[in-house]
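Undergrad: Below are the structure tokens for one structure; questions will follow.
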Amino acid sequence: MNETKYLSITAITRYLKYQIDNDENLQDVYLKGEISNFKAHSRGHFYFTLKDETSRISAIMFSSNTTKLTFTPEDGMKVLIRGKISVYEATGNYQIYVSDMQEDGIGNLYIAFEKLKLKLEKEGLFDKTHKKQIPKIPSRIGIVTAPTGAAIRDILSTIKRRFPICETILFPALVQGPDAHTDIVKQIKKAEEFDIDVLIIGRGGGSIEDLWPFNEEDVARAIYNCKMPTISAVGHEIDYTISDFVADVRAATPTGAAEIAVPNMVDLLNTIDSFKIRASKVVSNKIDNLKITLSKLKDSYVLNNPLHIYQVKEQRLDGLIDKLNSIILNITQKRNDRLNSLLKSYVLNNPKKLFENKNYILSKYIEKLEVLNPLNTLKRGYTIVKKDNKAIDKLNKLKQNDEIEIMFNKGTINATVISIKEN
């Protein structure tokens with residue numbers, strides 16, 4: 001009976017590595033694809049994924065080769081690379097070790113990202129004037145993300161650690177795949193039906209394809225139109241999506257979003273204690289100042305000599321009364337003097353003589369009027385000629401055939417001018 005021989009993982013991995021490393025077709029390979037998940041290591045090495053429409057391969061380019069590049073690789077960039085295929089024993093993954101890389105244009109996803117970003121920016125969806133303030137002490141927080149995974153765990157654990165009295169409501173949504181953007185929009189609108197102070201929208205890290213639902217236009221507009229303040233927490237610190245630009249606040253990570261959304265309970269308690277100390281100090285100082293004021297009042301001259309104050313007022317009142325009496329007496333005396341003067345006046349003592357004088361003056365006026373009275377002139381044989389009821393004083397005011405009226409002392413006659421003769 002043959003005994004079955006089992007191989008170790010290391011053995012089979014080394015065997016596959018040996019087979020690949022000795023395959024001449026895999027030792028000098030030219031590939032064309034799009035970069036995603038790009039990472040530049042602090043030692044100068046480049047790690048990234050090279051992908052096309054249906055497949056992907058891990059890639060590494062050591063610093064000895066990266067220094068030859070004339071451009072900086074980034075996610076979404078299409079490149080032409082040359083290298084060899086091998087197996088990384090620690091993980092058993094096959095990957096390409098890149099020796100040379102050239103640009104081959106920008107990937108379609110990156111072009112779509114920039115196009116939508118420019119469009120929404122022109123419409124004003126990124127303007128700071130539209131950003132809503134995150135409340136300092138929220139009572140309820142909504143979370144739109146996948147119900148499982150590191151993102152929701154990090155958010156909930158951080159909120160519980162920092163501000164355990166805050167309520168959280170999860171609105172589970174697909175965060176990856178072709179239907180994810182529609183589901184995210186649905187959950188954002190559903191969250192608006194609840195009394196929520198702030199809404200966190202996001203997911204954990206991933207490739208540009210994984211994060212793409214957060215680059216969709218309908219998601220961006222749903223976040224922009226959301227009635228409550230929003231925090232975008234998509235991917236890791238280096239990842240940026242359209243949602244980050246539209247949201248009221250962008251957090252580098254889901255954990256960072258939770259830290260922005262809620263205060264630290266310990267810090268709040270310390271602040272309250274500080275306010276207590278300050279309030280106590282203010283009250284204590286106020287009491288001390290009032291005690292000093294009270295002490296001054298107790299020692300004041302007014303409280304210690306109230307009768308003297310009264311006496312001073314009494315003396316002043318006496319002075320005012322005397323002054324008033326003096327004024328009244330003075331006015332009365334002037335009125336008496338005026339009355340006596342009137343009583344002694346010539347008019348009151350000689351009223352008949354005054355009447356005779358007035359009568360004499362009146363008779364003189366009558367005499368003057370008699371002299372001027374035109375009727376008296378008529379008595380002396382004179383006449384008055386009138387035309388149109390107006391006295392004629394000049395001959396040139398008349399002409400032939402004028403109708404005139406001639407007034408005598410007793411009576412009038414009407415006449416017609418036949419002729420006019422001047423002397």
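Every chain in the structure tokens takes a letter, A first, then B, and so on in the order presented; its residues are numbered from 1, and the ligands are numbered from 1 following the presented order.
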Dump as CSV the rows for residues of range 73-101 of chain A within 9 Å of range 106-128 of chain A: closest atom pair and distance in Å with one decimal, only C-alpha atoms counted, ordered by chain and rising residue number.

TA:
residue,atom,partner,partner_atom,distance
A:Asp75,CA,A:Tyr110,CA,7.7
A:Gly76,CA,A:Gly107,CA,4.6
A:Met77,CA,A:Ile106,CA,4.4
A:Lys78,CA,A:Ile106,CA,5.1
A:Val79,CA,A:Ile106,CA,8.3

Undergrad: Name the residues in contact with Ser58 in chain A at a cut-off of 9 Å, using only C-alpha atoms, excluding same-chain residues fewer than 4 positions from it; report them as a CSV table (one decimal) with C-alpha atoms, in the first residue's frame.

TA:
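Dumped to around13.csv:
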chain,number,residue,atom,x,y,z
A,47,TYR,CA,3.3,49.3,-5.3
A,48,PHE,CA,0.2,49.3,-7.4
A,49,THR,CA,-2.4,47.2,-9.3
A,50,LEU,CA,-2.4,47.0,-13.1
A,51,LYS,CA,-5.8,46.3,-14.6
A,93,ASN,CA,0.5,35.8,-5.3
A,94,TYR,CA,1.9,36.1,-8.7
A,95,GLN,CA,3.0,39.6,-9.6
A,96,ILE,CA,5.0,41.6,-12.2
A,97,TYR,CA,8.3,43.1,-11.2

Undergrad: For Glu209 in chain A, which residue among A:Asn340, A:Thr72, A:Ser157, A:Asn37 is the nearest when counting only C-alpha atoms?

TA: A:Asn37

Undergrad: So how many Å separate CA of Glu216 in chain A and CA of Ile201 in chain A, to one decimal?

TA: 13.7 Å

Undergrad: List the spatial neighbours of range 221-227 of chain A as a list of chain:residue names - criterion: any atom at most 8 Å away, only C-alpha atoms, same-chain residues fewer than 6 positions off excluded.

TA: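 With the cut-off at 8 Å, the set is A:Leu125, A:Val185, A:Ile188, A:Lys189, A:Glu192, A:Ser243, A:Val246, A:Ala247.
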
Undergrad: As an exercise, work out the distance from CA of Ile260 in chain A to CA of Ile196 in chain A in Å and give it to one decimal place.

TA: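 According to the coordinates, CA of Ile260 in chain A and CA of Ile196 in chain A are separated by 15.4 Å.
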
Undergrad: I'd like the contact shell of Arg250 in chain A - 8 Å cut-off, only C-alpha atoms, skipping same-chain residues fewer than 3 positions apart - returned as a list of chain:residue names.

TA: A:Ile231, A:Ser232, A:Ala233, A:Asp244, A:Phe245, A:Ala247, A:Ala257

Undergrad: Give me a file of those residues, with N, CA and C atoms, as an mmCIF file, in the first residue's frame.

TA:
data_model
loop_
_atom_site.group_PDB
_atom_site.id
_atom_site.type_symbol
_atom_site.label_atom_id
_atom_site.label_comp_id
_atom_site.auth_asym_id
_atom_site.auth_seq_id
_atom_site.Cartn_x
_atom_site.Cartn_y
_atom_site.Cartn_z
ATOM 1 N N ILE A 231 -21.244 64.499 6.578
ATOM 2 C CA ILE A 231 -19.806 64.238 6.660
ATOM 3 C C ILE A 231 -19.496 63.096 5.706
ATOM 4 N N SER A 232 -18.590 63.346 4.772
ATOM 5 C CA SER A 232 -18.175 62.300 3.831
ATOM 6 C C SER A 232 -16.942 61.601 4.386
ATOM 7 N N ALA A 233 -17.008 60.267 4.448
ATOM 8 C CA ALA A 233 -15.890 59.471 4.987
ATOM 9 C C ALA A 233 -15.689 58.268 4.079
ATOM 10 N N ASP A 244 -16.716 63.814 -1.303
ATOM 11 C CA ASP A 244 -15.918 64.600 -0.368
ATOM 12 C C ASP A 244 -16.045 66.095 -0.645
ATOM 13 N N PHE A 245 -16.123 66.463 -1.918
ATOM 14 C CA PHE A 245 -16.199 67.875 -2.277
ATOM 15 C C PHE A 245 -17.591 68.455 -2.033
ATOM 16 N N ALA A 247 -19.972 67.229 0.232
ATOM 17 C CA ALA A 247 -20.403 67.163 1.632
ATOM 18 C C ALA A 247 -19.999 68.429 2.380
ATOM 19 N N ALA A 257 -14.448 60.632 10.725
ATOM 20 C CA ALA A 257 -15.806 61.173 10.623
ATOM 21 C C ALA A 257 -16.514 61.129 11.969
#

Undergrad: Would you return as a PyMOL selection string the members of range 34-126 of chain A that DSSP assigns to strand (DSSP E or B) on this structure's backbone?

TA: chain A and resi 34-40+46-51+56-61+77-88+93-106

Undergrad: Which residues are near Lys397 in chain A? Cut-off 12 Å, only C-alpha atoms, ignore same chain within fewer than 4 positions. Put them as a list in words.

TA: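 Listing them by chain and then by number gives Val385, Lys386, Lys387, Asp388, Lys390, Ala391, Ile392, Asp393, Asp402, Ile404, Val417 and Ile420 of chain A.
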
Undergrad: So, counting only C-alpha atoms, which residue among A:Glu89, A:Asp179, A:Asp218, A:Asp154 is closest to Arg203 in chain A?

TA: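 The closest residue to Arg203 in chain A is A:Asp154.
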
Undergrad: Looking only at the backbone, which of the residues in range 127-269 of chain A does DSSP tag as alpha helix (DSSP H), as number ranges by chain?

TA: A: 150-162, 180-191, 217-225, 242-246, 254-261, 265-269

Undergrad: Suppose you want the space between CA of Phe62 in chain A and CA of Leu211 in chain A; what is it in Å?

TA: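 Between these atoms lies a distance of 27.4 Å.
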
Undergrad: So that I can check the surroundings of Val29 in chain A, please list as a PDB file with C-alpha atoms, in the first residue's frame every protein, DNA and RNA residue that reaches within 7 Å of it, counting only C-alpha atoms and ignoring chain neighbours fewer than 2 positions away.

TA:
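The file below, result.pdb, is the result:
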ATOM      1  CA  LEU A  26       7.305  35.278 -18.533  1.00  0.00           C
ATOM      2  CA  GLN A  27      10.781  36.729 -18.066  1.00  0.00           C
ATOM      3  CA  LEU A  31       1.768  44.809 -20.480  1.00  0.00           C
ATOM      4  CA  ARG A  82       7.922  46.018 -19.086  1.00  0.00           C
ATOM      5  CA  GLY A  83       8.928  43.459 -16.504  1.00  0.00           C
ATOM      6  CA  LYS A  84       8.983  39.840 -15.432  1.00  0.00           C
TER       7      LYS A  84
END
